[in-house]
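Chemist: Below you'll find run00.pdb; it's PDB, C-alpha atoms.
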ATOM      1  CA  MET A   1     -65.000 -69.303 -20.634  1.00  0.00           C
ATOM      2  CA  PRO A   2     -62.007 -67.550 -22.248  1.00  0.00           C
ATOM      3  CA  ARG A   3     -58.842 -67.142 -20.205  1.00  0.00           C
ATOM      4  CA  ARG A   4     -58.567 -63.707 -18.596  1.00  0.00           C
ATOM      5  CA  LEU A   5     -55.228 -61.926 -18.474  1.00  0.00           C
ATOM      6  CA  VAL A   6     -54.459 -60.390 -15.091  1.00  0.00           C
ATOM      7  CA  VAL A   7     -51.349 -58.387 -14.169  1.00  0.00           C
ATOM      8  CA  ALA A   8     -50.422 -57.521 -10.583  1.00  0.00           C
ATOM      9  CA  ASP A   9     -48.557 -54.680  -8.939  1.00  0.00           C
ATOM     10  CA  ALA A  10     -46.934 -55.234  -5.539  1.00  0.00           C
ATOM     11  CA  GLY A  11     -49.583 -53.810  -3.190  1.00  0.00           C
ATOM     12  CA  PRO A  12     -52.410 -56.363  -3.430  1.00  0.00           C
ATOM     13  CA  LEU A  13     -50.022 -59.331  -3.368  1.00  0.00           C
ATOM     14  CA  HIS A  14     -48.123 -57.857  -0.413  1.00  0.00           C
ATOM     15  CA  TYR A  15     -51.235 -57.448   1.726  1.00  0.00           C
ATOM     16  CA  LEU A  16     -52.943 -60.674   0.693  1.00  0.00           C
ATOM     17  CA  VAL A  17     -49.821 -62.579   1.714  1.00  0.00           C
ATOM     18  CA  LEU A  18     -49.630 -60.719   5.030  1.00  0.00           C
ATOM     19  CA  ILE A  19     -53.213 -61.640   5.928  1.00  0.00           C
ATOM     20  CA  GLU A  20     -52.796 -65.176   4.557  1.00  0.00           C
ATOM     21  CA  GLN A  21     -55.367 -64.775   1.791  1.00  0.00           C
ATOM     22  CA  SER A  22     -53.203 -65.061  -1.337  1.00  0.00           C
ATOM     23  CA  ASN A  23     -55.018 -68.349  -2.036  1.00  0.00           C
ATOM     24  CA  ILE A  24     -58.047 -66.391  -3.244  1.00  0.00           C
ATOM     25  CA  LEU A  25     -56.175 -65.356  -6.392  1.00  0.00           C
ATOM     26  CA  PRO A  26     -56.048 -68.740  -8.168  1.00  0.00           C
ATOM     27  CA  ALA A  27     -59.691 -69.219  -7.209  1.00  0.00           C
ATOM     28  CA  LEU A  28     -60.589 -65.931  -8.920  1.00  0.00           C
ATOM     29  CA  PHE A  29     -58.114 -66.011 -11.812  1.00  0.00           C
ATOM     30  CA  GLU A  30     -56.489 -68.865 -13.682  1.00  0.00           C
ATOM     31  CA  LYS A  31     -53.112 -67.101 -13.720  1.00  0.00           C
ATOM     32  CA  VAL A  32     -51.616 -63.834 -12.523  1.00  0.00           C
ATOM     33  CA  PHE A  33     -48.717 -62.224 -14.375  1.00  0.00           C
ATOM     34  CA  LEU A  34     -46.065 -60.448 -12.329  1.00  0.00           C
ATOM     35  CA  PRO A  35     -43.465 -58.095 -13.804  1.00  0.00           C
ATOM     36  CA  THR A  36     -39.879 -58.809 -12.752  1.00  0.00           C
ATOM     37  CA  ALA A  37     -39.654 -55.299 -11.270  1.00  0.00           C
ATOM     38  CA  VAL A  38     -42.607 -56.066  -8.994  1.00  0.00           C
ATOM     39  CA  ARG A  39     -41.127 -59.435  -8.065  1.00  0.00           C
ATOM     40  CA  ASP A  40     -37.960 -57.616  -7.053  1.00  0.00           C
ATOM     41  CA  GLU A  41     -39.973 -55.196  -4.882  1.00  0.00           C
ATOM     42  CA  LEU A  42     -41.647 -58.068  -3.063  1.00  0.00           C
ATOM     43  CA  ALA A  43     -38.283 -59.795  -2.564  1.00  0.00           C
ATOM     44  CA  HIS A  44     -36.541 -56.659  -1.280  1.00  0.00           C
ATOM     45  CA  SER A  45     -34.765 -56.969   2.061  1.00  0.00           C
ATOM     46  CA  GLU A  46     -37.109 -54.371   3.580  1.00  0.00           C
ATOM     47  CA  ALA A  47     -40.239 -56.344   2.647  1.00  0.00           C
ATOM     48  CA  PRO A  48     -41.838 -58.446   5.405  1.00  0.00           C
ATOM     49  CA  ALA A  49     -40.277 -61.881   5.796  1.00  0.00           C
ATOM     50  CA  ALA A  50     -43.535 -63.628   4.880  1.00  0.00           C
ATOM     51  CA  VAL A  51     -43.773 -61.671   1.624  1.00  0.00           C
ATOM     52  CA  ARG A  52     -40.140 -62.375   0.721  1.00  0.00           C
ATOM     53  CA  ALA A  53     -40.550 -66.076   1.419  1.00  0.00           C
ATOM     54  CA  TRP A  54     -43.725 -66.228  -0.675  1.00  0.00           C
ATOM     55  CA  VAL A  55     -42.280 -64.572  -3.760  1.00  0.00           C
ATOM     56  CA  GLU A  56     -39.001 -66.494  -3.532  1.00  0.00           C
ATOM     57  CA  ASN A  57     -41.040 -69.713  -3.774  1.00  0.00           C
ATOM     58  CA  PRO A  58     -43.886 -68.556  -6.014  1.00  0.00           C
ATOM     59  CA  PRO A  59     -47.035 -70.609  -6.558  1.00  0.00           C
ATOM     60  CA  SER A  60     -47.597 -72.258  -9.914  1.00  0.00           C
ATOM     61  CA  TRP A  61     -50.343 -69.799 -10.880  1.00  0.00           C
ATOM     62  CA  LEU A  62     -47.962 -66.820 -10.668  1.00  0.00           C
ATOM     63  CA  GLU A  63     -45.973 -66.199 -13.841  1.00  0.00           C
ATOM     64  CA  VAL A  64     -43.102 -63.714 -13.753  1.00  0.00           C
ATOM     65  CA  ARG A  65     -42.507 -61.824 -16.982  1.00  0.00           C
ATOM     66  CA  ALA A  66     -40.146 -59.036 -18.007  1.00  0.00           C
ATOM     67  CA  ALA A  67     -42.088 -55.907 -18.890  1.00  0.00           C
ATOM     68  CA  PRO A  68     -41.179 -53.896 -21.973  1.00  0.00           C
ATOM     69  CA  VAL A  69     -39.886 -50.362 -21.535  1.00  0.00           C
ATOM     70  CA  LEU A  70     -42.498 -47.948 -22.825  1.00  0.00           C
ATOM     71  CA  ASP A  71     -41.629 -44.448 -23.947  1.00  0.00           C
ATOM     72  CA  ASP A  72     -44.741 -43.001 -22.374  1.00  0.00           C
ATOM     73  CA  PRO A  73     -44.722 -39.688 -20.452  1.00  0.00           C
ATOM     74  CA  ALA A  74     -47.820 -40.781 -18.506  1.00  0.00           C
ATOM     75  CA  LEU A  75     -45.718 -43.414 -16.735  1.00  0.00           C
ATOM     76  CA  LEU A  76     -42.908 -41.125 -15.594  1.00  0.00           C
ATOM     77  CA  SER A  77     -44.565 -40.140 -12.313  1.00  0.00           C
ATOM     78  CA  LEU A  78     -45.001 -43.779 -11.232  1.00  0.00           C
ATOM     79  CA  ASP A  79     -42.538 -45.996  -9.415  1.00  0.00           C
ATOM     80  CA  ASP A  80     -40.740 -48.850 -11.172  1.00  0.00           C
ATOM     81  CA  GLY A  81     -43.264 -51.511 -10.176  1.00  0.00           C
ATOM     82  CA  GLU A  82     -46.309 -49.536 -11.248  1.00  0.00           C
ATOM     83  CA  ARG A  83     -44.710 -48.625 -14.573  1.00  0.00           C
ATOM     84  CA  ALA A  84     -43.798 -52.257 -15.150  1.00  0.00           C
ATOM     85  CA  ALA A  85     -47.285 -53.516 -14.265  1.00  0.00           C
ATOM     86  CA  ILE A  86     -48.947 -51.139 -16.706  1.00  0.00           C
ATOM     87  CA  ALA A  87     -46.341 -51.777 -19.411  1.00  0.00           C
ATOM     88  CA  LEU A  88     -46.810 -55.543 -19.082  1.00  0.00           C
ATOM     89  CA  ALA A  89     -50.586 -55.109 -19.141  1.00  0.00           C
ATOM     90  CA  VAL A  90     -50.242 -53.161 -22.390  1.00  0.00           C
ATOM     91  CA  ALA A  91     -47.969 -55.840 -23.885  1.00  0.00           C
ATOM     92  CA  LEU A  92     -50.327 -58.682 -22.910  1.00  0.00           C
ATOM     93  CA  THR A  93     -53.508 -56.746 -23.676  1.00  0.00           C
ATOM     94  CA  ALA A  94     -54.573 -57.615 -20.140  1.00  0.00           C
ATOM     95  CA  ASP A  95     -58.157 -57.604 -18.925  1.00  0.00           C
ATOM     96  CA  LEU A  96     -57.380 -56.433 -15.397  1.00  0.00           C
ATOM     97  CA  ILE A  97     -54.626 -54.823 -13.315  1.00  0.00           C
ATOM     98  CA  LEU A  98     -54.385 -55.485  -9.568  1.00  0.00           C
ATOM     99  CA  ILE A  99     -53.076 -52.256  -8.058  1.00  0.00           C
ATOM    100  CA  ASP A 100     -53.603 -50.137  -4.950  1.00  0.00           C
ATOM    101  CA  ASP A 101     -51.617 -46.981  -5.656  1.00  0.00           C
ATOM    102  CA  ARG A 102     -53.883 -44.056  -6.571  1.00  0.00           C
ATOM    103  CA  ALA A 103     -51.537 -42.556  -9.166  1.00  0.00           C
ATOM    104  CA  GLY A 104     -51.097 -45.932 -10.825  1.00  0.00           C
ATOM    105  CA  VAL A 105     -54.835 -46.500 -10.828  1.00  0.00           C
ATOM    106  CA  THR A 106     -55.419 -43.168 -12.549  1.00  0.00           C
ATOM    107  CA  VAL A 107     -52.925 -43.965 -15.325  1.00  0.00           C
ATOM    108  CA  ALA A 108     -54.206 -47.532 -15.776  1.00  0.00           C
ATOM    109  CA  ARG A 109     -57.800 -46.337 -16.079  1.00  0.00           C
ATOM    110  CA  ALA A 110     -56.776 -43.635 -18.551  1.00  0.00           C
ATOM    111  CA  LYS A 111     -55.328 -46.412 -20.708  1.00  0.00           C
ATOM    112  CA  GLY A 112     -58.617 -48.277 -20.600  1.00  0.00           C
ATOM    113  CA  PHE A 113     -57.794 -51.018 -18.103  1.00  0.00           C
ATOM    114  CA  ALA A 114     -60.155 -52.331 -15.466  1.00  0.00           C
ATOM    115  CA  VAL A 115     -58.517 -52.154 -12.051  1.00  0.00           C
ATOM    116  CA  THR A 116     -59.107 -53.466  -8.572  1.00  0.00           C
ATOM    117  CA  GLY A 117     -57.064 -53.366  -5.383  1.00  0.00           C
ATOM    118  CA  THR A 118     -56.763 -55.202  -2.110  1.00  0.00           C
ATOM    119  CA  LEU A 119     -60.229 -54.322  -0.819  1.00  0.00           C
ATOM    120  CA  GLY A 120     -61.885 -55.061  -4.135  1.00  0.00           C
ATOM    121  CA  LEU A 121     -60.236 -58.483  -4.249  1.00  0.00           C
ATOM    122  CA  LEU A 122     -61.395 -59.308  -0.743  1.00  0.00           C
ATOM    123  CA  ASP A 123     -64.931 -58.337  -1.618  1.00  0.00           C
ATOM    124  CA  LEU A 124     -64.888 -60.373  -4.835  1.00  0.00           C
ATOM    125  CA  ALA A 125     -63.609 -63.362  -2.859  1.00  0.00           C
ATOM    126  CA  ALA A 126     -66.292 -62.918  -0.206  1.00  0.00           C
ATOM    127  CA  ARG A 127     -69.004 -62.889  -2.861  1.00  0.00           C
ATOM    128  CA  ARG A 128     -67.609 -66.195  -4.144  1.00  0.00           C
ATOM    129  CA  GLY A 129     -67.711 -67.647  -0.634  1.00  0.00           C
ATOM    130  CA  LEU A 130     -63.928 -67.868  -0.433  1.00  0.00           C
ATOM    131  CA  LEU A 131     -63.515 -65.940   2.816  1.00  0.00           C
ATOM    132  CA  LYS A 132     -65.340 -64.119   5.594  1.00  0.00           C
ATOM    133  CA  LEU A 133     -65.077 -60.425   4.834  1.00  0.00           C
ATOM    134  CA  ARG A 134     -65.160 -59.238   8.437  1.00  0.00           C
ATOM    135  CA  ASP A 135     -62.312 -61.560   9.410  1.00  0.00           C
ATOM    136  CA  ALA A 136     -60.217 -60.549   6.398  1.00  0.00           C
ATOM    137  CA  PHE A 137     -60.752 -56.847   7.067  1.00  0.00           C
ATOM    138  CA  THR A 138     -59.860 -57.274  10.729  1.00  0.00           C
ATOM    139  CA  ARG A 139     -56.551 -58.833   9.748  1.00  0.00           C
ATOM    140  CA  LEU A 140     -55.925 -56.178   7.100  1.00  0.00           C
ATOM    141  CA  ARG A 141     -56.473 -53.404   9.610  1.00  0.00           C
ATOM    142  CA  ALA A 142     -53.679 -54.894  11.729  1.00  0.00           C
ATOM    143  CA  THR A 143     -51.199 -54.177   8.904  1.00  0.00           C
ATOM    144  CA  ASN A 144     -50.006 -50.809   7.632  1.00  0.00           C
ATOM    145  CA  PHE A 145     -52.613 -50.778   4.850  1.00  0.00           C
ATOM    146  CA  ARG A 146     -53.777 -47.186   4.377  1.00  0.00           C
ATOM    147  CA  TYR A 147     -57.466 -46.352   4.183  1.00  0.00           C
ATOM    148  CA  ARG A 148     -60.077 -43.854   5.286  1.00  0.00           C
ATOM    149  CA  ARG A 149     -61.854 -45.252   8.329  1.00  0.00           C
ATOM    150  CA  LYS A 150     -65.292 -44.221   7.098  1.00  0.00           C
ATOM    151  CA  LEU A 151     -64.910 -46.675   4.215  1.00  0.00           C
ATOM    152  CA  TRP A 152     -65.215 -49.606   6.606  1.00  0.00           C
ATOM    153  CA  ARG A 153     -68.665 -48.544   7.752  1.00  0.00           C
ATOM    154  CA  PRO A 154     -70.611 -50.059   4.822  1.00  0.00           C
ATOM    155  CA  CYS A 155     -69.010 -53.418   5.627  1.00  0.00           C
ATOM    156  CA  TRP A 156     -70.856 -53.792   8.890  1.00  0.00           C
ATOM    157  CA  ARG A 157     -74.378 -52.892   7.807  1.00  0.00           C
ATOM    158  CA  LYS A 158     -77.072 -55.514   8.101  1.00  0.00           C
ATOM    159  CA  LYS A 159     -77.294 -57.703   5.047  1.00  0.00           C
ATOM    160  CA  THR A 160     -80.723 -56.412   4.176  1.00  0.00           C
ATOM    161  CA  LYS A 161     -79.274 -52.917   3.861  1.00  0.00           C
ATOM    162  CA  ASP A 162     -75.819 -53.920   2.676  1.00  0.00           C
ATOM    163  CA  LYS A 163     -76.718 -55.777  -0.507  1.00  0.00           C
ATOM    164  CA  MET A 164     -76.673 -53.840  -3.743  1.00  0.00           C
ATOM    165  CA  THR A 165     -77.474 -55.096  -7.204  1.00  0.00           C
ATOM    166  CA  ASP A 166     -76.516 -53.852 -10.610  1.00  0.00           C
ATOM    167  CA  ALA A 167     -78.818 -53.707 -13.630  1.00  0.00           C
ATOM    168  CA  SER A 168     -78.510 -57.453 -14.151  1.00  0.00           C
ATOM    169  CA  GLY A 169     -79.473 -58.210 -10.563  1.00  0.00           C
ATOM    170  CA  ARG A 170     -76.043 -59.394  -9.476  1.00  0.00           C
ATOM    171  CA  TYR A 171     -74.903 -58.756  -5.933  1.00  0.00           C
ATOM    172  CA  GLY A 172     -72.682 -55.715  -5.869  1.00  0.00           C
ATOM    173  CA  GLY A 173     -71.469 -55.781  -2.269  1.00  0.00           C
ATOM    174  CA  ILE A 174     -68.810 -53.452  -0.984  1.00  0.00           C
ATOM    175  CA  SER A 175     -66.952 -53.164  -4.273  1.00  0.00           C
ATOM    176  CA  ALA A 176     -70.096 -51.832  -5.904  1.00  0.00           C
ATOM    177  CA  HIS A 177     -70.544 -49.391  -3.020  1.00  0.00           C
ATOM    178  CA  PHE A 178     -67.040 -48.047  -3.584  1.00  0.00           C
ATOM    179  CA  ALA A 179     -67.500 -47.845  -7.335  1.00  0.00           C
ATOM    180  CA  LEU A 180     -70.832 -46.060  -7.058  1.00  0.00           C
ATOM    181  CA  GLN A 181     -70.124 -43.741  -4.140  1.00  0.00           C
ATOM    182  CA  GLN A 182     -66.495 -42.713  -4.559  1.00  0.00           C
ATOM    183  CA  PRO A 183     -65.189 -40.374  -7.267  1.00  0.00           C
ATOM    184  CA  VAL A 184     -62.589 -41.721  -9.658  1.00  0.00           C
ATOM    185  CA  GLY A 185     -59.146 -40.924  -8.312  1.00  0.00           C
ATOM    186  CA  ALA A 186     -60.310 -40.261  -4.755  1.00  0.00           C
ATOM    187  CA  ASP A 187     -57.419 -40.587  -2.322  1.00  0.00           C
ATOM    188  CA  LEU A 188     -58.587 -43.717  -0.570  1.00  0.00           C
ATOM    189  CA  GLY A 189     -55.336 -45.601  -0.214  1.00  0.00           C
ATOM    190  CA  GLY A 190     -56.473 -48.443  -2.460  1.00  0.00           C
ATOM    191  CA  ALA A 191     -60.094 -48.605  -1.335  1.00  0.00           C
ATOM    192  CA  GLU A 192     -61.537 -46.981  -4.424  1.00  0.00           C
ATOM    193  CA  VAL A 193     -59.855 -49.218  -6.940  1.00  0.00           C
ATOM    194  CA  CYS A 194     -62.609 -51.547  -8.017  1.00  0.00           C
ATOM    195  CA  ASP A 195     -64.235 -50.999 -11.409  1.00  0.00           C
ATOM    196  CA  PHE A 196     -66.909 -53.440 -10.282  1.00  0.00           C
ATOM    197  CA  ASP A 197     -68.807 -54.240 -13.477  1.00  0.00           C
ATOM    198  CA  ARG A 198     -65.649 -54.646 -15.561  1.00  0.00           C
ATOM    199  CA  VAL A 199     -63.899 -56.687 -12.872  1.00  0.00           C
ATOM    200  CA  ALA A 200     -66.926 -58.951 -12.554  1.00  0.00           C
ATOM    201  CA  ASP A 201     -66.606 -59.668 -16.268  1.00  0.00           C
ATOM    202  CA  ALA A 202     -62.933 -60.564 -15.827  1.00  0.00           C
ATOM    203  CA  VAL A 203     -63.391 -63.252 -13.172  1.00  0.00           C
TER     204      VAL A 203
END
Let's see the structure in the file written out as C-alpha cells.
Modeler:
Amino acid sequence: MPRRLVVADAGPLHYLVLIEQSNILPALFEKVFLPTAVRDELAHSEAPAAVRAWVENPPSWLEVRAAPVLDDPALLSLDDGERAAIALAVALTADLILIDDRAGVTVARAKGFAVTGTLGLLDLAARRGLLKLRDAFTRLRATNFRYRRKLWRPCWRKKTKDKMTDASGRYGGISAHFALQQPVGADLGGAEVCDFDRVADAV
C-alpha cells in the first residue's frame, strides 16, 4: 500500500491528546506532518498542560515541517495554523488534512483535499477496533469541544439501525452519517468534517 500524506491542524491533535487517544493516529496513518505554526499553537502557554507536554516531546510518527508562504487570497481569512496546514498540504500534495475549523475545512475542500476532524477520526478508529466510541465521546464532551448536541444522537442507536454501508458494502458508521446527512460547510464545530469515502481511501 502506498504511503499516504497526512497534514494536521491544531484542533484534532489538541482534543485527541486531551482525551488520551492520540495513539490512534499512528495506527491509522504511517506519519502525520505538522506545520511549525501549528506546533507553536499547541505549545503556547495558554494551551492545556497535557497538550504542551505532548508537543514538546513529540512522538516519532509526528514530523514537524515549515510550511511555505502562499500568496493566496483564499487563505487570508484563516488563522496562522490553518493557513500553514493548507499550505503544507499543497506543498506535499497531501492526501488528507486533519482539521476541525469550519472556515479551514471550506478552503481545504475547495482546493480538492479530503478532510476529517476530531469526530471523524474517532469514528475511523472505532471502525478499526482501536477504541470504544461511546467512551471516547464521553471524554470529548467533558472538554470544550464545540458541537451540536443533536449530532450525538446517531451514536447511540442500536447497531442494527446504526450501521450504514456505501456502494462497496463497507461499514460507514457515524462518519458516513455526517457526510450523507450534513450539508458541506454546515456550522457543526468540527462534526461535519469527514469526507468519508475519500478518507477511507487514505487510511
Chemist: Output the residue selection produced by the PyMOL selection byres ((chain A and resi 92) around 10) on the file above, formatted as a PyMOL selection string.
Modeler: chain A and resi 5-7+33+67+86-91+93-95
Chemist: Write a file of the selected residues as a compact mmCIF listing (two decimals), in the coordinates of the input, keeping C-alpha atoms.
Modeler:
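In the end it all went to part37.txt:
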# COMPACT_ATOMS: atom_id res chain seq x y z
CA LEU A 5 -55.23 -61.93 -18.47
CA VAL A 6 -54.46 -60.39 -15.09
CA VAL A 7 -51.35 -58.39 -14.17
CA PHE A 33 -48.72 -62.22 -14.38
CA ALA A 67 -42.09 -55.91 -18.89
CA ILE A 86 -48.95 -51.14 -16.71
CA ALA A 87 -46.34 -51.78 -19.41
CA LEU A 88 -46.81 -55.54 -19.08
CA ALA A 89 -50.59 -55.11 -19.14
CA VAL A 90 -50.24 -53.16 -22.39
CA ALA A 91 -47.97 -55.84 -23.88
CA THR A 93 -53.51 -56.75 -23.68
CA ALA A 94 -54.57 -57.62 -20.14
CA ASP A 95 -58.16 -57.60 -18.92
Chemist: Neighbouring residues of Ser60 of chain A were defined as those with any atom within 12 Å, considering only C-alpha atoms; residues of the same chain fewer than 3 positions away were excluded. Please report them as JSON, numbers by chain.
Modeler: {"A": [23, 25, 26, 30, 31, 32, 33, 54, 55, 57, 63, 64]}
Chemist: Counting all atoms listed in the file, figure out which residue out of A:Val105, A:Leu16, A:Ala84, A:Ala10 gets nearest to Arg139 of chain A.
Modeler: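 Looking at the shortest contact to Arg139 of chain A, the residue is A:Leu16.
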Chemist: For atom CA of Ala136 of chain A and atom CA of Ile99 of chain A, quote the distance in Å rounded to one decimal.
Modeler: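 For atom CA of Ala136 of chain A relative to atom CA of Ile99 of chain A, the distance reads 18.1 Å.
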Chemist: Atom CA of Asp40 of chain A and atom CA of Ala125 of chain A, how far apart in Å?
Modeler: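 Those two atoms sit 26.6 Å apart.
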Chemist: One decimal, in Å: what's the spacing between atom CA of Gly120 of chain A and atom CA of Ala50 of chain A?
Modeler: 22.2 Å
Chemist: Counting only C-alpha atoms, figure out which residue out of A:Leu130, A:Glu82, A:Ala53, A:Val69 gets nearest to Ala108 of chain A.
Modeler: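 Selected residue with least distance to Ala108 of chain A: A:Glu82.
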Chemist: Translate the PyMOL selection byres ((chain A and resi 72) around 12) into a concrete residue list for this structure, as an mmCIF file with C-alpha atoms, in the frame of the given file.
Modeler:
data_model
loop_
_atom_site.group_PDB
_atom_site.id
_atom_site.type_symbol
_atom_site.label_atom_id
_atom_site.label_comp_id
_atom_site.auth_asym_id
_atom_site.auth_seq_id
_atom_site.Cartn_x
_atom_site.Cartn_y
_atom_site.Cartn_z
ATOM 1 C CA PRO A 68 -41.179 -53.896 -21.973
ATOM 2 C CA VAL A 69 -39.886 -50.362 -21.535
ATOM 3 C CA LEU A 70 -42.498 -47.948 -22.825
ATOM 4 C CA ASP A 71 -41.629 -44.448 -23.947
ATOM 5 C CA PRO A 73 -44.722 -39.688 -20.452
ATOM 6 C CA ALA A 74 -47.820 -40.781 -18.506
ATOM 7 C CA LEU A 75 -45.718 -43.414 -16.735
ATOM 8 C CA LEU A 76 -42.908 -41.125 -15.594
ATOM 9 C CA SER A 77 -44.565 -40.140 -12.313
ATOM 10 C CA LEU A 78 -45.001 -43.779 -11.232
ATOM 11 C CA ARG A 83 -44.710 -48.625 -14.573
ATOM 12 C CA ALA A 84 -43.798 -52.257 -15.150
ATOM 13 C CA ILE A 86 -48.947 -51.139 -16.706
ATOM 14 C CA ALA A 87 -46.341 -51.777 -19.411
ATOM 15 C CA VAL A 90 -50.242 -53.161 -22.390
ATOM 16 C CA VAL A 107 -52.925 -43.965 -15.325
ATOM 17 C CA LYS A 111 -55.328 -46.412 -20.708
#
Chemist: Could you list, as a VMD selection string, every residue matched by the PyMOL selection byres ((chain A and resi 100) around 6) in this structure?
Modeler: chain A and resid 11 99 101 117 190
Chemist: Print the selection's residues with C-alpha atoms to a file, as a compact mmCIF listing (two decimals), in the frame of the given file.
Modeler:
# COMPACT_ATOMS: atom_id res chain seq x y z
CA GLY A 11 -49.58 -53.81 -3.19
CA ILE A 99 -53.08 -52.26 -8.06
CA ASP A 101 -51.62 -46.98 -5.66
CA GLY A 117 -57.06 -53.37 -5.38
CA GLY A 190 -56.47 -48.44 -2.46
Chemist: Let me make sure I understand: among A:Leu13, A:Leu34, A:Leu119, A:Leu28, which one has the smallest atom-to-atom distance to Arg146 of chain A if we use only C-alpha atoms?
Modeler: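 Answer, going by the shortest atom-to-atom distance: A:Leu119.
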